[in-house]
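S.K.: Here you go, upload00.txt (compact mmCIF, C-alpha atoms):
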# COMPACT_ATOMS: atom_id res chain seq x y z
CA MET R 275 26.92 55.51 -201.51
CA ARG R 276 29.65 56.91 -203.79
CA HIS R 277 28.57 54.51 -206.57
CA GLY R 278 24.87 55.55 -206.14
CA THR R 279 25.82 59.22 -206.29
CA ALA R 280 27.68 58.68 -209.53
CA VAL R 281 24.64 57.02 -211.08
CA VAL R 282 22.37 59.90 -210.07
CA VAL R 283 24.77 62.55 -211.45
CA THR R 284 25.14 60.64 -214.70
CA ALA R 285 21.34 60.39 -215.11
CA ALA R 286 20.87 64.07 -214.39
CA LEU R 287 23.45 65.06 -216.98
CA ALA R 288 21.75 62.83 -219.55
CA LEU R 289 18.38 64.41 -218.80
CA LEU R 290 19.79 67.95 -219.20
CA ALA R 291 21.42 66.98 -222.47
CA GLY R 292 18.11 65.65 -223.76
CA CYS R 293 16.21 68.84 -222.87
CA SER R 294 18.76 71.11 -224.55
CA GLY R 295 19.16 68.97 -227.64
CA GLY R 296 22.84 68.41 -226.87
CA SER R 297 25.59 70.27 -225.16
CA PRO R 298 24.73 73.90 -224.31
CA SER R 299 26.06 76.35 -226.93
CA HIS R 300 26.87 80.09 -226.76
CA SER R 301 24.27 80.93 -229.45
CA SER R 302 21.36 79.83 -227.26
CA SER R 303 22.30 82.13 -224.40
CA PRO R 304 20.03 85.10 -223.45
CA ALA R 305 22.70 87.56 -224.59
CA ALA R 306 22.95 85.93 -228.01
CA SER R 307 19.15 85.91 -228.37
CA THR R 308 18.95 89.62 -227.58
CA ALA R 309 21.70 90.38 -230.10
CA THR R 310 19.85 88.40 -232.77
CA GLN R 311 16.59 90.27 -232.12
CA ARG R 312 18.41 93.61 -232.29
CA ALA R 313 20.02 92.68 -235.61
CA THR R 314 16.63 91.63 -236.99
CA ARG R 315 15.06 94.94 -236.02
CA GLN R 316 17.91 96.88 -237.61
CA ALA R 317 17.61 94.88 -240.82
CA ALA R 318 13.83 95.41 -241.09
CA PRO R 319 12.86 98.09 -243.67
CA LYS R 320 11.61 101.39 -242.26
CA ALA R 321 8.36 103.01 -243.39
CA THR R 322 9.04 106.10 -245.48
CA THR R 323 6.92 109.18 -246.12
CA PRO R 324 6.32 109.78 -249.84
CA THR R 325 8.49 112.54 -251.27
CA TRP R 326 6.52 115.71 -251.96
CA ASP R 327 6.49 116.36 -255.71
CA THR R 328 6.87 120.07 -256.47
CA THR R 329 6.34 119.51 -260.20
CA PRO R 330 3.07 117.55 -260.52
CA ALA R 331 1.88 116.93 -264.07
CA SER R 332 -1.74 117.88 -263.43
CA LEU R 333 -3.79 119.82 -260.89
CA ALA R 334 -7.47 119.84 -259.94
CA ALA R 335 -8.62 122.92 -258.01
CA LEU R 336 -11.49 122.53 -255.54
CA GLY R 337 -13.17 125.30 -253.59
CA ASP R 338 -15.56 128.23 -253.77
CA SER R 339 -15.86 131.62 -255.46
CA ILE R 340 -12.31 132.63 -254.54
CA THR R 341 -10.93 129.76 -256.61
CA ARG R 342 -13.45 130.42 -259.40
CA GLY R 343 -12.11 133.97 -259.65
CA PHE R 344 -15.55 135.48 -259.02
CA ASP R 345 -15.69 139.25 -259.64
CA ALA R 346 -12.01 139.32 -260.61
CA CYS R 347 -12.50 140.26 -264.27
CA GLY R 348 -16.08 141.52 -264.35
CA ILE R 349 -19.11 142.14 -262.20
CA LEU R 350 -21.05 139.13 -260.96
CA LYS R 351 -19.16 136.61 -263.09
CA ASP R 352 -16.73 133.76 -262.59
CA CYS R 353 -13.27 134.37 -264.03
CA PRO R 354 -11.44 131.02 -263.87
CA ASP R 355 -8.74 132.29 -266.21
CA ALA R 356 -7.84 134.83 -263.52
CA SER R 357 -7.91 132.27 -260.72
CA TRP R 358 -4.90 131.81 -258.49
CA THR R 359 -4.95 128.11 -259.33
CA LYS R 360 -4.40 128.71 -263.05
CA ASP R 361 -1.44 130.91 -262.14
CA LEU R 362 -0.17 128.21 -259.76
CA ALA R 363 -0.59 125.50 -262.41
CA THR R 364 1.33 127.65 -264.89
CA ARG R 365 4.17 128.05 -262.42
CA LEU R 366 4.17 124.29 -261.84
CA LYS R 367 3.79 123.60 -265.59
CA ALA R 368 0.82 121.42 -264.77
CA LYS R 369 -2.43 120.74 -266.62
CA ASN R 370 -5.26 122.40 -264.71
CA TRP R 371 -8.96 121.69 -264.03
CA ASN R 372 -10.87 124.29 -262.02
CA LEU R 373 -13.76 122.42 -260.40
CA ALA R 374 -14.56 125.00 -257.72
CA ARG R 375 -18.07 126.46 -257.50
CA SER R 376 -19.11 129.92 -256.38
CA GLY R 377 -21.17 129.74 -253.19
CA ALA R 378 -19.80 126.33 -252.18
CA THR R 379 -19.33 125.39 -248.55
CA MET R 380 -17.41 122.51 -247.00
CA ALA R 381 -20.51 120.35 -247.42
CA ASP R 382 -19.92 120.53 -251.20
CA LEU R 383 -16.30 119.38 -251.11
CA ASP R 384 -17.05 115.65 -251.29
CA GLY R 385 -18.97 116.15 -254.55
CA GLN R 386 -16.11 118.17 -256.03
CA VAL R 387 -13.68 115.42 -255.02
CA ARG R 388 -15.76 112.89 -256.97
CA GLN R 389 -15.66 115.17 -260.00
CA ALA R 390 -11.89 115.47 -259.69
CA ALA R 391 -11.48 111.70 -259.55
CA ALA R 392 -12.68 111.42 -263.15
CA HIS R 393 -9.64 113.46 -264.28
CA LYS R 394 -7.13 111.49 -262.18
CA PRO R 395 -5.05 114.56 -261.25
CA ALA R 396 -1.62 114.19 -259.68
CA GLN R 397 -2.31 117.20 -257.46
CA VAL R 398 -5.46 118.52 -255.76
CA THR R 399 -5.75 121.97 -254.17
CA ILE R 400 -8.45 122.84 -251.65
CA LEU R 401 -9.52 126.30 -250.47
CA MET R 402 -12.89 126.07 -248.75
CA GLY R 403 -14.48 127.72 -245.72
CA ALA R 404 -15.20 131.40 -246.32
CA ASN R 405 -18.86 130.68 -247.11
CA ASP R 406 -19.16 128.54 -243.98
CA ALA R 407 -18.36 131.66 -241.95
CA CYS R 408 -20.04 134.23 -244.21
CA ARG R 409 -23.67 133.77 -243.17
CA ALA R 410 -26.55 136.02 -242.17
CA GLY R 411 -25.40 135.88 -238.57
CA THR R 412 -22.94 134.11 -236.32
CA THR R 413 -25.49 131.49 -235.26
CA ASP R 414 -25.86 130.45 -238.90
CA MET R 415 -22.18 129.66 -239.39
CA THR R 416 -21.14 126.05 -239.93
CA SER R 417 -20.15 124.61 -236.57
CA VAL R 418 -16.55 123.52 -236.12
CA ALA R 419 -17.66 119.94 -235.47
CA GLU R 420 -19.71 119.86 -238.68
CA TYR R 421 -16.89 121.46 -240.65
CA ARG R 422 -14.53 118.76 -239.35
CA ARG R 423 -16.94 115.95 -240.22
CA GLU R 424 -17.44 117.25 -243.75
CA PHE R 425 -13.76 117.83 -244.42
CA THR R 426 -12.80 114.45 -242.93
CA ALA R 427 -15.39 112.69 -245.10
CA ALA R 428 -14.21 114.49 -248.25
CA MET R 429 -10.58 113.65 -247.52
CA ARG R 430 -11.53 110.02 -246.97
CA THR R 431 -13.27 109.95 -250.34
CA LEU R 432 -10.31 111.63 -251.99
CA HIS R 433 -7.91 109.11 -250.48
CA GLN R 434 -10.07 106.21 -251.66
CA LEU R 435 -10.61 107.48 -255.22
CA LEU R 436 -7.20 109.11 -255.74
CA PRO R 437 -4.79 107.26 -253.41
CA LYS R 438 -1.67 108.52 -255.21
CA ALA R 439 -2.73 112.17 -255.55
CA GLN R 440 -1.08 114.87 -253.47
CA VAL R 441 -3.35 117.33 -251.65
CA PHE R 442 -2.47 120.94 -250.92
CA VAL R 443 -4.80 122.66 -248.45
CA VAL R 444 -4.90 126.47 -248.39
CA SER R 445 -6.00 128.29 -245.24
CA VAL R 446 -9.20 130.36 -245.19
CA PRO R 447 -8.40 134.10 -245.47
CA ASP R 448 -8.79 136.40 -242.48
CA LEU R 449 -12.23 137.93 -243.11
CA GLN R 450 -11.73 140.51 -240.41
CA ARG R 451 -8.79 141.88 -242.37
CA LEU R 452 -11.17 142.65 -245.24
CA TRP R 453 -13.36 144.63 -242.85
CA GLN R 454 -10.32 146.57 -241.62
CA VAL R 455 -9.33 147.47 -245.18
CA GLY R 456 -12.72 148.76 -246.32
CA LYS R 457 -14.59 149.90 -243.21
CA ASP R 458 -13.70 153.59 -243.64
CA ASN R 459 -14.84 153.79 -247.28
CA SER R 460 -18.51 154.76 -247.61
CA LEU R 461 -18.86 153.19 -251.09
CA THR R 462 -17.37 149.92 -249.85
CA ARG R 463 -19.75 149.89 -246.89
CA ASP R 464 -22.75 150.50 -249.17
CA VAL R 465 -21.76 147.54 -251.36
CA TRP R 466 -21.21 145.29 -248.36
CA ASN R 467 -24.64 146.18 -247.01
CA LEU R 468 -26.19 144.63 -250.13
CA GLY R 469 -25.55 141.28 -248.44
CA ILE R 470 -21.86 140.46 -248.79
CA CYS R 471 -20.66 138.35 -245.87
CA PRO R 472 -23.10 139.97 -243.43
CA SER R 473 -21.86 138.06 -240.39
CA MET R 474 -18.61 140.03 -240.71
CA LEU R 475 -19.26 143.03 -242.96
CA ARG R 476 -22.72 144.41 -242.25
CA ASP R 477 -22.83 147.74 -240.39
CA ALA R 478 -19.12 148.02 -241.01
CA ASP R 479 -18.87 151.44 -239.39
CA SER R 480 -20.51 150.28 -236.16
CA MET R 481 -18.15 150.01 -233.22
CA THR R 482 -20.70 148.96 -230.61
CA PRO R 483 -19.64 146.13 -228.29
CA ALA R 484 -22.14 143.83 -230.00
CA ALA R 485 -20.77 144.57 -233.48
CA GLN R 486 -17.18 144.10 -232.35
CA GLN R 487 -18.04 140.84 -230.63
CA ARG R 488 -19.80 139.63 -233.78
CA ARG R 489 -16.68 140.22 -235.86
CA THR R 490 -14.46 138.56 -233.28
CA THR R 491 -16.75 135.54 -233.25
CA VAL R 492 -16.48 135.19 -237.03
CA ARG R 493 -12.71 135.52 -236.95
CA ASP R 494 -12.43 132.94 -234.18
CA ARG R 495 -14.51 130.56 -236.25
CA VAL R 496 -12.20 130.99 -239.23
CA VAL R 497 -9.20 130.34 -236.98
CA ALA R 498 -10.91 127.15 -235.78
CA TYR R 499 -11.63 126.09 -239.37
CA ASN R 500 -7.96 126.50 -240.27
CA LYS R 501 -6.95 124.43 -237.28
CA VAL R 502 -9.26 121.66 -238.50
CA LEU R 503 -7.79 121.83 -242.00
CA ALA R 504 -4.24 121.44 -240.69
CA GLN R 505 -5.14 118.66 -238.28
CA VAL R 506 -7.08 116.51 -240.73
CA CYS R 507 -4.59 117.11 -243.54
CA GLY R 508 -1.79 116.09 -241.18
CA THR R 509 -3.19 112.57 -240.88
CA TYR R 510 -2.35 111.86 -244.56
CA ASP R 511 1.20 111.37 -245.87
CA ARG R 512 0.34 112.97 -249.21
CA CYS R 513 -1.34 116.06 -247.78
CA ARG R 514 0.30 119.40 -246.96
CA ASP R 515 -1.18 122.73 -245.81
CA ASP R 516 0.11 126.26 -246.32
CA GLY R 517 1.00 126.76 -242.66
CA GLY R 518 -1.56 129.57 -242.39
CA ALA R 519 0.18 131.68 -245.04
CA VAL R 520 -3.01 132.88 -246.75
CA PHE R 521 -4.76 133.60 -243.46
CA ASP R 522 -1.74 135.61 -242.26
CA TYR R 523 -1.45 137.70 -245.43
CA ARG R 524 -2.73 141.27 -245.07
CA PHE R 525 -4.56 141.90 -248.35
CA THR R 526 -4.66 145.53 -249.50
CA ALA R 527 -7.56 147.47 -251.04
CA ALA R 528 -5.97 147.14 -254.50
CA GLU R 529 -6.01 143.37 -254.10
CA LEU R 530 -9.80 143.32 -253.60
CA SER R 531 -12.39 143.25 -256.37
CA PRO R 532 -13.49 146.76 -257.46
CA TRP R 533 -17.04 145.41 -257.75
CA ASP R 534 -17.60 143.83 -254.34
CA TYR R 535 -14.52 144.75 -252.26
CA PHE R 536 -14.53 141.20 -250.94
CA HIS R 537 -13.21 138.70 -253.49
CA PRO R 538 -9.62 139.00 -254.75
CA SER R 539 -9.09 141.26 -257.74
CA THR R 540 -6.82 140.08 -260.57
CA GLN R 541 -3.97 141.55 -258.53
CA GLY R 542 -5.22 139.77 -255.44
CA GLN R 543 -5.51 136.47 -257.31
CA SER R 544 -1.94 136.87 -258.51
CA ARG R 545 -0.80 137.56 -254.96
CA LEU R 546 -2.69 134.50 -253.73
CA ALA R 547 -0.95 132.39 -256.36
CA ARG R 548 2.47 133.60 -255.24
CA ILE R 549 1.69 132.87 -251.60
CA ALA R 550 0.44 129.38 -252.49
CA TYR R 551 3.43 128.67 -254.72
CA GLU R 552 5.91 129.68 -252.04
CA ALA R 553 4.17 127.48 -249.47
CA PHE R 554 3.81 124.62 -251.96
CA THR R 555 7.51 124.56 -252.80
CA SER R 556 8.94 125.53 -249.41
CA SER R 557 11.38 123.32 -247.50
CA ARG R 558 8.69 122.88 -244.84
CA VAL R 559 6.58 121.13 -247.45
CA THR R 560 9.30 119.16 -249.21
CA GLU R 561 11.29 117.92 -246.23
Taking this structure as input, can you express it in the form of structure tokens?
M.R.:
Amino acid sequence: MRHGTAVVVTAALALLAGCSGGSPSHSSSPAASTATQRATRQAAPKATTPTWDTTPASLAALGDSITRGFDACGILKDCPDASWTKDLATRLKAKNWNLARSGATMADLDGQVRQAAAHKPAQVTILMGANDACRAGTTDMTSVAEYRREFTAAMRTLHQLLPKAQVFVVSVPDLQRLWQVGKDNSLTRDVWNLGICPSMLRDADSMTPAAQQRRTTVRDRVVAYNKVLAQVCGTYDRCRDDGGAVFDYRFTAAELSPWDYFHPSTQGQSRLARIAYEAFTSSRVTE
């Protein structure tokens, strides 16, 4: 029996040695395997977010009449030389193309992106949304869902055509603030009643519940637009927004056009440029 036991033990040991490829070693232990996996993970390169360039060589400005400088230097005319984006480009020492169009809405952004692609700019700025809210009435405003679809599609096109370009998104101004600035001036009210942003500015002296609710509805829509801009922009490594800086700024009467009391005056355009520049170069953007 002792001899038979020895044979069985010997056979078992041989079988174990064959399965392990030889004598068990420390490196094949579970602890060693875990250590190896940990070392591999630590050695693997980490994904990095592209560094935000605060001195881009060129800039393409997309947007609406605000970016075109409408009514800044003369009545019923575009004034791109007075635009905040030319001032911003000067501060950045960047070549500048102003491709914005007066009257544009978010639905027009994709077309402007395609125009910008031909110039291959290092930087793209976007300020778009005031005309989506400035309609005949609140029911005519661009819905938030539609605004999101249009902005998302334009950003997708931009990313495809200009994958290395940075994008700086500026928040839509607080339209209700404009009403607050000019509502007590009879001349301003008369000009607004000619058809300037009627969803917010018509019957500016009316304080009926319906009028107040109408203005609140417009402001809420602008707030929603700005939320969309930040959210969609945030999905791209090379996109930054202004953190709501333009929306939060309380424009004064002197910073509004003397012809329509709605668009920025030359002073207002300059102020807009300073706000954008500070947001563009802030640590929040460059970190």
S.K.: Could you check the closest approach to R:Ala331 for each of R:Ala439, R:Asn405, R:Gly385, R:Thr526 and tell me which residue wins, using all atoms listed in the file?
M.R.: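 Distance minimum relative to R:Ala331 lands on R:Ala439.
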S.K.: Give me the residues near R:Arg495 as an NGL selection string, where near means some atom within 9 Å (using only C-alpha atoms) and where sequence neighbours in that chain fewer than 4 positions away do not count.
M.R.: :R and (407 or 415-418 or 490-491 or 499-500)
S.K.: Which distance in Å separates atom CA of R:Ser531 and atom CA of R:Val446, to one decimal?
M.R.: 17.4 Å
S.K.: Could you pull the residues within 7 Å of R:Ala368, counting only C-alpha atoms, minus those fewer than 5 positions along the same chain, as a list in words?
M.R.: Pro330, Ala331, Ser332, Leu333 and Ala363 of chain R
S.K.: What is the distance between atom CA of R:Thr328 and atom CA of R:Tyr551, in Å to one decimal?
M.R.: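 Atom CA of R:Tyr551 lies at a distance of 9.4 Å from atom CA of R:Thr328.
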S.K.: To one decimal in Å, tell me the separation between atom CA of R:Val465 and atom CA of R:Asp477.
M.R.: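 These atoms are spaced 11.0 Å apart.
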S.K.: Between R:Phe554, R:Gly508, R:Ala404, R:Gly411, which residue has the minimum interatomic distance to R:Gly469, considering all atoms listed in the file?
M.R.: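 Residue with the minimum atom-to-atom distance to R:Gly469: R:Gly411.
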S.K.: So which residues touch R:Asp448 within 12 Å, counting all atoms listed in the file, skipping near sequence neighbours fewer than 5 positions away, as a PyMOL selection string?
M.R.: chain R and resi 403-404+407-408+453-455+474+489-490+492-500+518-525+536
S.K.: Please dump the current selection as a short mmCIF file (atom, residue, chain, number, x, y, z; two decimals), in the frame of the given file; keep C-alpha atoms.
M.R.:
data_model
loop_
_atom_site.label_atom_id
_atom_site.label_comp_id
_atom_site.auth_asym_id
_atom_site.auth_seq_id
_atom_site.Cartn_x
_atom_site.Cartn_y
_atom_site.Cartn_z
CA GLY R 403 -14.48 127.72 -245.72
CA ALA R 404 -15.20 131.40 -246.32
CA ALA R 407 -18.36 131.66 -241.95
CA CYS R 408 -20.04 134.23 -244.21
CA TRP R 453 -13.36 144.63 -242.85
CA GLN R 454 -10.32 146.57 -241.62
CA VAL R 455 -9.33 147.47 -245.18
CA MET R 474 -18.61 140.03 -240.71
CA ARG R 489 -16.68 140.22 -235.86
CA THR R 490 -14.46 138.56 -233.28
CA VAL R 492 -16.48 135.19 -237.03
CA ARG R 493 -12.71 135.52 -236.95
CA ASP R 494 -12.43 132.94 -234.18
CA ARG R 495 -14.51 130.56 -236.25
CA VAL R 496 -12.20 130.99 -239.23
CA VAL R 497 -9.20 130.34 -236.98
CA ALA R 498 -10.91 127.15 -235.78
CA TYR R 499 -11.63 126.09 -239.37
CA ASN R 500 -7.96 126.50 -240.27
CA GLY R 518 -1.56 129.57 -242.39
CA ALA R 519 0.18 131.68 -245.04
CA VAL R 520 -3.01 132.88 -246.75
CA PHE R 521 -4.76 133.60 -243.46
CA ASP R 522 -1.74 135.61 -242.26
CA TYR R 523 -1.45 137.70 -245.43
CA ARG R 524 -2.73 141.27 -245.07
CA PHE R 525 -4.56 141.90 -248.35
CA PHE R 536 -14.53 141.20 -250.94
#
S.K.: Counting only C-alpha atoms, figure out which residue out of R:Arg422, R:Val444, R:Asn370, R:His393 gets nearest to R:Ala547.
M.R.: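 When distances to R:Ala547 are compared using only C-alpha atoms, the smallest one comes from R:Val444.
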S.K.: Pick out the residues sitting within 7 Å of R:Phe442, and hand them over as a ChimeraX atom specification; count all atoms listed in the file, and ignore anything fewer than 3 positions along from it in its own chain.
M.R.: /R:398-400,513-515
S.K.: Identify, on the basis of all atoms listed in the file, every residue whose closest approach to stretch 335-340 of chain R does not exceed 9 Å; exclude the query and any residue fewer than 4 positions from it along the same chain; express the result as number ranges by chain.
M.R.: R: 344-345, 352, 357-360, 370-380, 382-383, 386-387, 390, 397-405, 537-538, 543
S.K.: From the options R:Tyr535, R:Gly348, R:Val443, R:Cys353, which residue's atoms come nearest to R:Thr462, counting all atoms listed in the file?
M.R.: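 With all atoms listed in the file as the atom set, the closest residue is R:Tyr535.
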S.K.: So which one's closest to R:Ala553, R:Ala346, R:Met481, R:Leu530, R:Leu362? Using only C-alpha atoms, please.
M.R.: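 Among the listed residues, R:Leu362 lies closest to R:Ala553.
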S.K.: At a cut-off of 9 Å around the point (-8.9, 114.3, -239.7) (file coordinates), what residues fall inside when counting only C-alpha atoms? I'd like the answer as a PyMOL selection string.
M.R.: chain R and resi 422-423+425-427+429-430+502-510
S.K.: Counting all atoms listed in the file, which residue out of R:Trp326, R:Arg548, R:Pro354, R:Thr413 sits closest to R:Asp511?
M.R.: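 Residue with the minimum atom-to-atom distance to R:Asp511: R:Trp326.
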